[in-house]
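Coordinates from protein18.cif are shown below (mmCIF, C-alpha atoms).
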data_upload
#
loop_
_atom_site.label_atom_id
_atom_site.label_comp_id
_atom_site.auth_asym_id
_atom_site.auth_seq_id
_atom_site.Cartn_x
_atom_site.Cartn_y
_atom_site.Cartn_z
CA MET A 468 0.00 0.00 0.00
CA THR A 469 1.44 3.40 -1.02
CA PHE A 470 0.68 6.61 0.89
CA ASP A 471 1.39 10.20 -0.21
CA ALA A 472 3.63 12.68 1.68
CA SER A 473 0.80 13.59 4.08
CA GLY A 474 0.24 9.97 5.01
CA ARG A 475 -3.06 9.76 3.10
CA LEU A 476 -4.06 7.27 0.45
CA PRO A 477 -3.68 8.56 -3.14
CA GLU A 478 -6.84 10.00 -4.68
CA ALA A 479 -7.06 7.09 -7.13
CA PHE A 480 -7.59 4.72 -4.19
CA LEU A 481 -10.51 6.80 -2.95
CA THR A 482 -12.21 7.14 -6.34
CA PRO A 483 -12.62 3.65 -7.83
CA GLY A 484 -13.03 3.70 -11.58
CA GLY A 485 -15.75 1.14 -12.14
CA SER A 486 -17.37 -1.63 -10.15
CA SER A 487 -14.76 -4.34 -10.71
CA PHE A 488 -12.28 -4.93 -7.90
CA MET A 489 -10.19 -6.98 -10.31
CA ASP A 490 -9.78 -4.01 -12.66
CA PHE A 491 -8.88 -1.76 -9.73
CA LEU A 492 -6.29 -4.27 -8.50
CA ALA A 493 -4.87 -4.71 -12.01
CA GLY A 494 -4.34 -0.95 -12.26
CA HIS A 495 -2.70 -0.41 -8.87
CA ALA A 496 -1.16 -3.72 -7.75
CA PRO A 497 -1.18 -6.17 -10.67
CA ASP A 498 1.35 -8.43 -8.97
CA LEU A 499 -1.38 -9.40 -6.46
CA LEU A 500 -3.46 -11.06 -9.17
CA PRO A 501 -2.74 -14.82 -9.26
CA GLY A 502 -2.24 -14.93 -13.03
CA ARG A 503 0.33 -12.12 -13.07
CA ARG A 504 3.03 -13.98 -11.16
CA SER A 505 5.99 -15.61 -12.85
CA LEU A 506 6.75 -19.14 -11.75
CA GLY A 507 9.52 -19.97 -14.16
CA THR A 508 9.19 -22.98 -16.41
CA GLY A 509 8.29 -26.62 -16.01
CA ASP A 510 5.37 -28.63 -14.71
CA LEU A 511 4.78 -27.80 -11.05
CA SER A 512 1.62 -29.83 -10.60
CA LYS A 513 3.27 -32.65 -8.61
CA ASP A 514 4.70 -30.26 -6.02
CA VAL A 515 1.47 -28.73 -4.70
CA PRO A 516 -1.65 -30.18 -3.02
CA HIS A 517 -4.65 -30.81 -5.23
CA GLY A 518 -8.26 -30.97 -4.17
CA THR A 519 -11.14 -33.10 -5.49
CA THR A 520 -14.13 -33.91 -5.74
CA ILE A 521 -17.06 -31.43 -5.87
CA VAL A 522 -20.68 -32.28 -6.69
CA ALA A 523 -23.75 -30.07 -7.01
CA ALA A 524 -27.42 -30.85 -7.59
CA THR A 525 -30.57 -28.78 -7.75
CA PHE A 526 -33.81 -29.43 -5.90
CA ASP A 527 -37.14 -27.64 -5.82
CA GLY A 528 -36.25 -24.15 -4.59
CA GLY A 529 -32.48 -24.33 -4.42
CA VAL A 530 -29.18 -26.09 -4.97
CA VAL A 531 -26.83 -28.27 -2.92
CA MET A 532 -23.04 -28.33 -3.25
CA ALA A 533 -20.85 -30.91 -1.50
CA GLY A 534 -17.11 -31.48 -1.41
CA ASP A 535 -14.95 -34.25 -0.03
CA ARG A 536 -12.17 -33.36 2.43
CA ARG A 537 -9.03 -34.90 0.89
CA ALA A 538 -6.12 -33.05 -0.72
CA THR A 539 -3.39 -35.07 -2.42
CA MET A 540 0.15 -34.39 -3.56
CA GLY A 541 1.10 -37.13 -6.00
CA ASN A 542 0.44 -40.39 -4.18
CA ILE A 543 0.52 -38.70 -0.75
CA ILE A 544 -2.50 -37.53 1.24
CA ALA A 545 -1.53 -33.91 1.89
CA GLN A 546 -4.55 -33.05 4.05
CA ARG A 547 -7.51 -35.01 5.34
CA ASP A 548 -9.83 -32.16 6.32
CA ILE A 549 -9.43 -29.49 3.64
CA GLU A 550 -12.54 -27.43 2.92
CA LYS A 551 -13.50 -27.04 -0.74
CA VAL A 552 -16.99 -25.49 -0.63
CA PHE A 553 -17.33 -21.79 0.22
CA PRO A 554 -20.05 -19.13 0.09
CA ALA A 555 -19.35 -16.73 -2.78
CA ASP A 556 -21.91 -14.28 -1.44
CA GLU A 557 -25.27 -14.49 0.30
CA TYR A 558 -26.98 -16.36 -2.54
CA SER A 559 -24.23 -18.39 -4.23
CA CYS A 560 -21.42 -20.81 -3.48
CA VAL A 561 -18.28 -22.07 -5.15
CA GLY A 562 -16.42 -25.36 -4.88
CA ILE A 563 -12.76 -25.81 -5.80
CA ALA A 564 -10.90 -28.52 -7.65
CA GLY A 565 -7.32 -28.41 -8.87
CA SER A 566 -4.33 -26.66 -7.26
CA ALA A 567 -5.62 -26.10 -3.75
CA GLY A 568 -3.60 -23.01 -2.75
CA LEU A 569 -4.37 -21.10 -5.94
CA ALA A 570 -8.00 -22.20 -5.85
CA ILE A 571 -8.54 -20.91 -2.31
CA GLU A 572 -6.85 -17.62 -3.21
CA MET A 573 -9.09 -17.33 -6.27
CA VAL A 574 -12.19 -17.94 -4.15
CA ARG A 575 -11.17 -15.17 -1.73
CA LEU A 576 -10.60 -12.76 -4.61
CA PHE A 577 -13.97 -13.75 -6.08
CA GLN A 578 -15.68 -13.08 -2.75
CA VAL A 579 -14.08 -9.62 -2.54
CA GLU A 580 -15.01 -8.93 -6.16
CA LEU A 581 -18.70 -9.62 -5.49
CA GLU A 582 -18.72 -7.64 -2.24
CA HIS A 583 -16.92 -4.71 -3.91
CA TYR A 584 -19.52 -4.60 -6.69
CA GLU A 585 -22.39 -4.72 -4.19
CA LYS A 586 -20.97 -1.86 -2.09
CA LEU A 587 -20.38 0.39 -5.11
CA GLU A 588 -23.57 -0.37 -7.03
CA GLY A 589 -25.92 -0.85 -4.09
CA THR A 590 -27.23 -4.11 -5.52
CA THR A 591 -26.01 -7.65 -6.07
CA LEU A 592 -24.90 -9.00 -9.42
CA SER A 593 -27.24 -11.32 -11.26
CA LEU A 594 -26.31 -14.99 -11.06
CA ASP A 595 -25.14 -14.87 -14.68
CA GLY A 596 -23.01 -11.84 -13.85
CA LYS A 597 -21.37 -13.66 -10.95
CA ALA A 598 -20.68 -16.66 -13.18
CA ASN A 599 -19.06 -14.37 -15.75
CA ARG A 600 -16.85 -12.70 -13.14
CA LEU A 601 -15.57 -16.09 -12.02
CA SER A 602 -14.90 -16.98 -15.65
CA ALA A 603 -12.67 -13.91 -15.99
CA LEU A 604 -10.71 -14.91 -12.87
CA ILE A 605 -10.09 -18.39 -14.25
CA ARG A 606 -9.00 -16.97 -17.61
CA GLY A 607 -6.48 -14.79 -15.78
CA ASN A 608 -4.91 -17.94 -14.34
CA LEU A 609 -4.30 -19.50 -17.78
CA ALA A 610 -0.50 -19.07 -17.65
CA MET A 611 -0.34 -21.07 -14.42
CA ALA A 612 -2.78 -23.64 -15.78
CA MET A 613 -0.36 -24.24 -18.66
CA GLN A 614 2.28 -25.13 -16.03
CA GLY A 615 0.00 -27.68 -14.41
CA LEU A 616 -1.51 -25.38 -11.78
CA ALA A 617 -5.06 -25.39 -13.08
CA VAL A 618 -8.05 -24.29 -11.03
CA VAL A 619 -11.42 -25.70 -12.12
CA PRO A 620 -14.20 -24.54 -9.80
CA LEU A 621 -17.89 -25.36 -9.72
CA PHE A 622 -20.27 -22.44 -9.13
CA ALA A 623 -23.92 -22.58 -8.08
CA GLY A 624 -26.53 -20.28 -6.66
CA TYR A 625 -30.15 -19.33 -6.23
CA ASP A 626 -31.70 -17.41 -9.12
CA PRO A 627 -34.82 -15.40 -8.11
CA ASP A 628 -35.88 -15.17 -11.76
CA ILE A 629 -36.62 -18.90 -11.82
CA ALA A 630 -37.07 -19.33 -8.04
CA GLY A 631 -34.56 -22.18 -8.12
CA GLY A 632 -30.95 -23.20 -8.27
CA ARG A 633 -28.51 -23.11 -11.20
CA ILE A 634 -25.10 -24.74 -11.68
CA PHE A 635 -22.12 -23.54 -13.75
CA SER A 636 -18.97 -25.45 -14.67
CA TYR A 637 -15.74 -24.13 -16.21
CA ASP A 638 -12.71 -25.26 -18.15
CA PRO A 639 -9.13 -24.06 -17.41
CA THR A 640 -9.38 -21.35 -20.12
CA GLY A 641 -12.37 -19.70 -18.43
CA GLY A 642 -15.05 -21.26 -20.61
CA ARG A 643 -18.39 -21.18 -18.78
CA TYR A 644 -21.08 -23.84 -19.15
CA GLU A 645 -24.46 -24.08 -17.47
CA GLU A 646 -25.30 -27.58 -16.29
CA GLN A 647 -28.73 -29.12 -15.84
CA ALA A 648 -29.91 -30.81 -12.63
CA PHE A 649 -26.47 -31.94 -11.36
CA HIS A 650 -22.76 -31.88 -12.11
CA SER A 651 -19.39 -32.81 -10.66
CA VAL A 652 -15.75 -31.75 -11.10
CA GLY A 653 -12.44 -33.22 -10.00
CA SER A 654 -10.69 -36.54 -10.41
CA GLY A 655 -13.64 -38.46 -9.00
CA SER A 656 -16.22 -36.58 -11.05
CA LEU A 657 -16.81 -39.41 -13.53
CA PHE A 658 -17.88 -41.78 -10.74
CA ALA A 659 -19.83 -39.09 -8.87
CA ARG A 660 -21.84 -38.17 -11.96
CA GLY A 661 -22.52 -41.83 -12.66
CA SER A 662 -23.86 -42.18 -9.13
CA LEU A 663 -26.07 -39.10 -9.46
CA LYS A 664 -27.45 -40.38 -12.76
CA LYS A 665 -29.00 -43.33 -10.97
CA LEU A 666 -30.06 -41.46 -7.80
CA TYR A 667 -31.24 -38.06 -9.01
CA ARG A 668 -34.88 -37.43 -9.81
CA ASP A 669 -37.14 -34.43 -10.24
CA GLY A 670 -38.98 -33.15 -7.19
CA MET A 671 -36.34 -34.08 -4.61
CA THR A 672 -36.41 -32.35 -1.24
CA ALA A 673 -33.32 -30.60 0.12
CA THR A 674 -32.57 -33.52 2.47
CA GLU A 675 -32.95 -36.07 -0.33
CA CYS A 676 -30.64 -33.99 -2.51
CA VAL A 677 -28.03 -33.77 0.25
CA THR A 678 -28.22 -37.54 0.72
CA ALA A 679 -27.74 -38.09 -3.02
CA THR A 680 -24.62 -35.89 -3.09
CA ILE A 681 -23.15 -37.77 -0.13
CA GLN A 682 -23.85 -41.07 -1.91
CA ALA A 683 -22.13 -39.66 -5.01
CA LEU A 684 -19.02 -38.66 -3.04
CA TYR A 685 -18.98 -42.11 -1.42
CA ASP A 686 -19.08 -43.76 -4.87
CA ALA A 687 -16.34 -41.42 -6.13
CA ALA A 688 -14.11 -42.31 -3.17
CA ASP A 689 -14.79 -45.99 -3.81
CA ASP A 690 -13.12 -45.80 -7.23
CA ASP A 691 -10.83 -42.74 -7.07
CA SER A 692 -7.93 -42.72 -4.62
CA ALA A 693 -7.69 -38.90 -4.68
CA THR A 694 -11.23 -38.55 -3.33
CA GLY A 695 -11.70 -38.99 0.39
CA GLY A 696 -14.72 -40.86 1.69
CA PRO A 697 -16.29 -40.20 5.10
CA ASP A 698 -13.62 -40.66 7.79
CA MET A 699 -15.61 -42.47 10.45
CA ALA A 700 -12.70 -42.79 12.90
CA ARG A 701 -11.92 -39.05 12.85
CA ARG A 702 -15.55 -38.01 12.15
CA ILE A 703 -14.49 -35.97 9.13
CA PHE A 704 -17.42 -35.54 6.75
CA PRO A 705 -18.07 -33.68 3.48
CA VAL A 706 -18.65 -29.94 3.57
CA ILE A 707 -22.17 -29.29 2.30
CA GLY A 708 -23.67 -25.94 1.38
CA VAL A 709 -27.35 -25.34 0.60
CA VAL A 710 -28.53 -22.21 -1.22
CA THR A 711 -32.20 -21.20 -1.28
CA ALA A 712 -34.23 -17.98 -1.27
CA ASP A 713 -33.16 -17.64 2.36
CA GLY A 714 -29.50 -17.52 1.35
CA TYR A 715 -26.45 -19.76 1.78
CA GLN A 716 -26.28 -22.17 4.67
CA ARG A 717 -23.52 -24.60 5.53
CA LEU A 718 -25.10 -27.70 7.00
CA PRO A 719 -24.05 -28.29 10.61
CA GLU A 720 -21.50 -31.05 11.15
CA ALA A 721 -23.92 -33.01 13.35
CA GLU A 722 -26.62 -33.00 10.67
CA VAL A 723 -24.19 -34.13 7.98
CA GLY A 724 -22.87 -36.79 10.36
CA ASP A 725 -26.35 -38.23 10.89
CA ILE A 726 -26.90 -38.58 7.13
CA VAL A 727 -23.42 -40.09 6.66
CA ASP A 728 -24.10 -42.63 9.42
CA THR A 729 -27.29 -43.68 7.62
CA VAL A 730 -25.50 -43.95 4.26
CA VAL A 731 -22.57 -45.94 5.67
CA GLY A 732 -24.90 -48.20 7.64
CA ALA A 733 -26.81 -49.05 4.46
CA ARG A 734 -23.53 -49.68 2.61
CA LEU A 735 -22.69 -52.42 5.10
CA GLN A 736 -25.67 -54.32 3.68
CA ARG A 737 -25.26 -53.18 0.06
CA PRO A 738 -21.65 -51.98 -0.59
CA ASP A 739 -22.41 -50.68 -4.10
CA GLY A 740 -25.12 -48.36 -2.82
CA PRO A 741 -28.84 -48.07 -3.44
CA ALA A 742 -30.32 -49.26 -6.72
CA ALA A 743 -31.82 -46.75 -9.14
CA PRO A 744 -35.62 -46.54 -9.08
CA LEU A 745 -37.33 -48.08 -12.09
CA SER A 746 -39.69 -45.16 -12.64
#
What is this structure when it is put down as structure tokens?
Amino acid sequence: MTFDASGRLPEAFLTPGGSSFMDFLAGHAPDLLPGRRSLGTGDLSKDVPHGTTIVAATFDGGVVMAGDRRATMGNIIAQRDIEKVFPADEYSCVGIAGSAGLAIEMVRLFQVELEHYEKLEGTTLSLDGKANRLSALIRGNLAMAMQGLAVVPLFAGYDPDIAGGRIFSYDPTGGRYEEQAFHSVGSGSLFARGSLKKLYRDGMTATECVTATIQALYDAADDDSATGGPDMARRIFPVIGVVTADGYQRLPEAEVGDIVDTVVGARLQRPDGPAAPLS
């Protein structure tokens, strides 16, 4: 932070030019943007922790996002209780997959970006506008993605225009794609989506949707070593966020634990999980 001779902030800091915090930061401290840093050459992906897997699914009146708690570094478990699902603002959430450190930094910048816009404009961005802002952040990280440090988040939120939830996925270049009903990202995403295909149905309640996402993470952990299943010994369970017209809520640990206990108990009788309904 640079002050003038009187110890005051420069006038430019007190008169933001536009509603984008990213643009303001790029003009005054571009080195603080993740994509502006030079890391040299070579593939650095094996030297940093990576996080997977994130799943999201809509229900009548909202959307659920759930993330496992494992971070890996090569074949090593780097962390058993990492958090990968965060509120973006009052009515949206974001889950991270990819290079964990960069992803968490990007989420924090995204949160500030949305809050900065709201304070300057006196209103919140539309859900599409939020999704576009996140796309720009990911695009700014392209140089690092080319060195193996990709960040591939999953974004979801409540849209008052449809009185329901919407889900957006991204590619490492910042491409934005709206998903229908459910989606998953991360190394276990293939197995999680396969699980949701058999369990998801229209008209699910919030609790049923939460249970389906936990089942999907369990199935992902069953086939993907980088995805952590429920840790019953340490009582480490997925982080689950629910977004409705009332805003974002992280489900209490005790409530998630009760659902996990039910899921794991049923798996003792049927290890491959519940069968898909025929209708």
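The two atoms in question, CA of Tyr715 in chain A and CA of Thr590 in chain A, are spaced 17.3 Å apart.
Nearest to Gly624 in chain A of all the residues A:Ser636, A:Thr539, A:Ser656, A:Thr711 is A:Thr711, counting all atoms listed in the file.
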Which residues would end up in the selection if the PyMOL selection byres ((chain A and resi 720) around 10) were applied here, given that I need the answer as a short mmCIF file (atom, residue, chain, number, x, y, z; two decimals) with C-alpha atoms, in the coordinates of the input?
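Output below, filename part.cif:
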data_model
loop_
_atom_site.label_atom_id
_atom_site.label_comp_id
_atom_site.auth_asym_id
_atom_site.auth_seq_id
_atom_site.Cartn_x
_atom_site.Cartn_y
_atom_site.Cartn_z
CA ARG A 702 -15.55 -38.01 12.15
CA ILE A 703 -14.49 -35.97 9.13
CA PHE A 704 -17.42 -35.54 6.75
CA PRO A 705 -18.07 -33.68 3.48
CA VAL A 706 -18.65 -29.94 3.57
CA ILE A 707 -22.17 -29.29 2.30
CA ARG A 717 -23.52 -24.60 5.53
CA LEU A 718 -25.10 -27.70 7.00
CA PRO A 719 -24.05 -28.29 10.61
CA ALA A 721 -23.92 -33.01 13.35
CA GLU A 722 -26.62 -33.00 10.67
CA VAL A 723 -24.19 -34.13 7.98
CA GLY A 724 -22.87 -36.79 10.36
CA ASP A 725 -26.35 -38.23 10.89
#
re CA of Leu604 in chain A and CA of Asp626 in chain A: distance 21.5 Å
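Of the residues under consideration (A:Pro741, A:Gly642, A:Gly518, A:Gly661), A:Gly518 shows the shortest atom-to-atom contact distance to Ile571 in chain A when counting all atoms listed in the file.
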Excluding Gly714 in chain A and residues on its chain fewer than 3 positions from it, collect all residues at most 7 Å away from it, counting only C-alpha atoms, and give them as a ChimeraX atom specification. /A:557-558,710-711
How would the residues just picked look written out with C-alpha atoms as an mmCIF file, in the coordinates of the input?
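And here's result.cif as it stands now:
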data_model
loop_
_atom_site.group_PDB
_atom_site.id
_atom_site.type_symbol
_atom_site.label_atom_id
_atom_site.label_comp_id
_atom_site.auth_asym_id
_atom_site.auth_seq_id
_atom_site.Cartn_x
_atom_site.Cartn_y
_atom_site.Cartn_z
ATOM 1 C CA GLU A 557 -25.270 -14.490 0.300
ATOM 2 C CA TYR A 558 -26.980 -16.360 -2.540
ATOM 3 C CA VAL A 710 -28.530 -22.210 -1.220
ATOM 4 C CA THR A 711 -32.200 -21.200 -1.280
#
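Closest approach to Asn608 in chain A from the set A:Phe553, A:Ala538, A:Asp638, A:Ile543 is made by A:Asp638, with distances taken over all atoms listed in the file.
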Could you work out how far CA of Ala683 in chain A lies from CA of Thr640 in chain A, giving the answer in Å with one decimal? 26.9 Å
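Here the question is which of A:Ala612, A:Ala679, A:Ala524, A:Ala687 gets nearest to Tyr625 in chain A using all atoms listed in the file, and that residue is A:Ala524.
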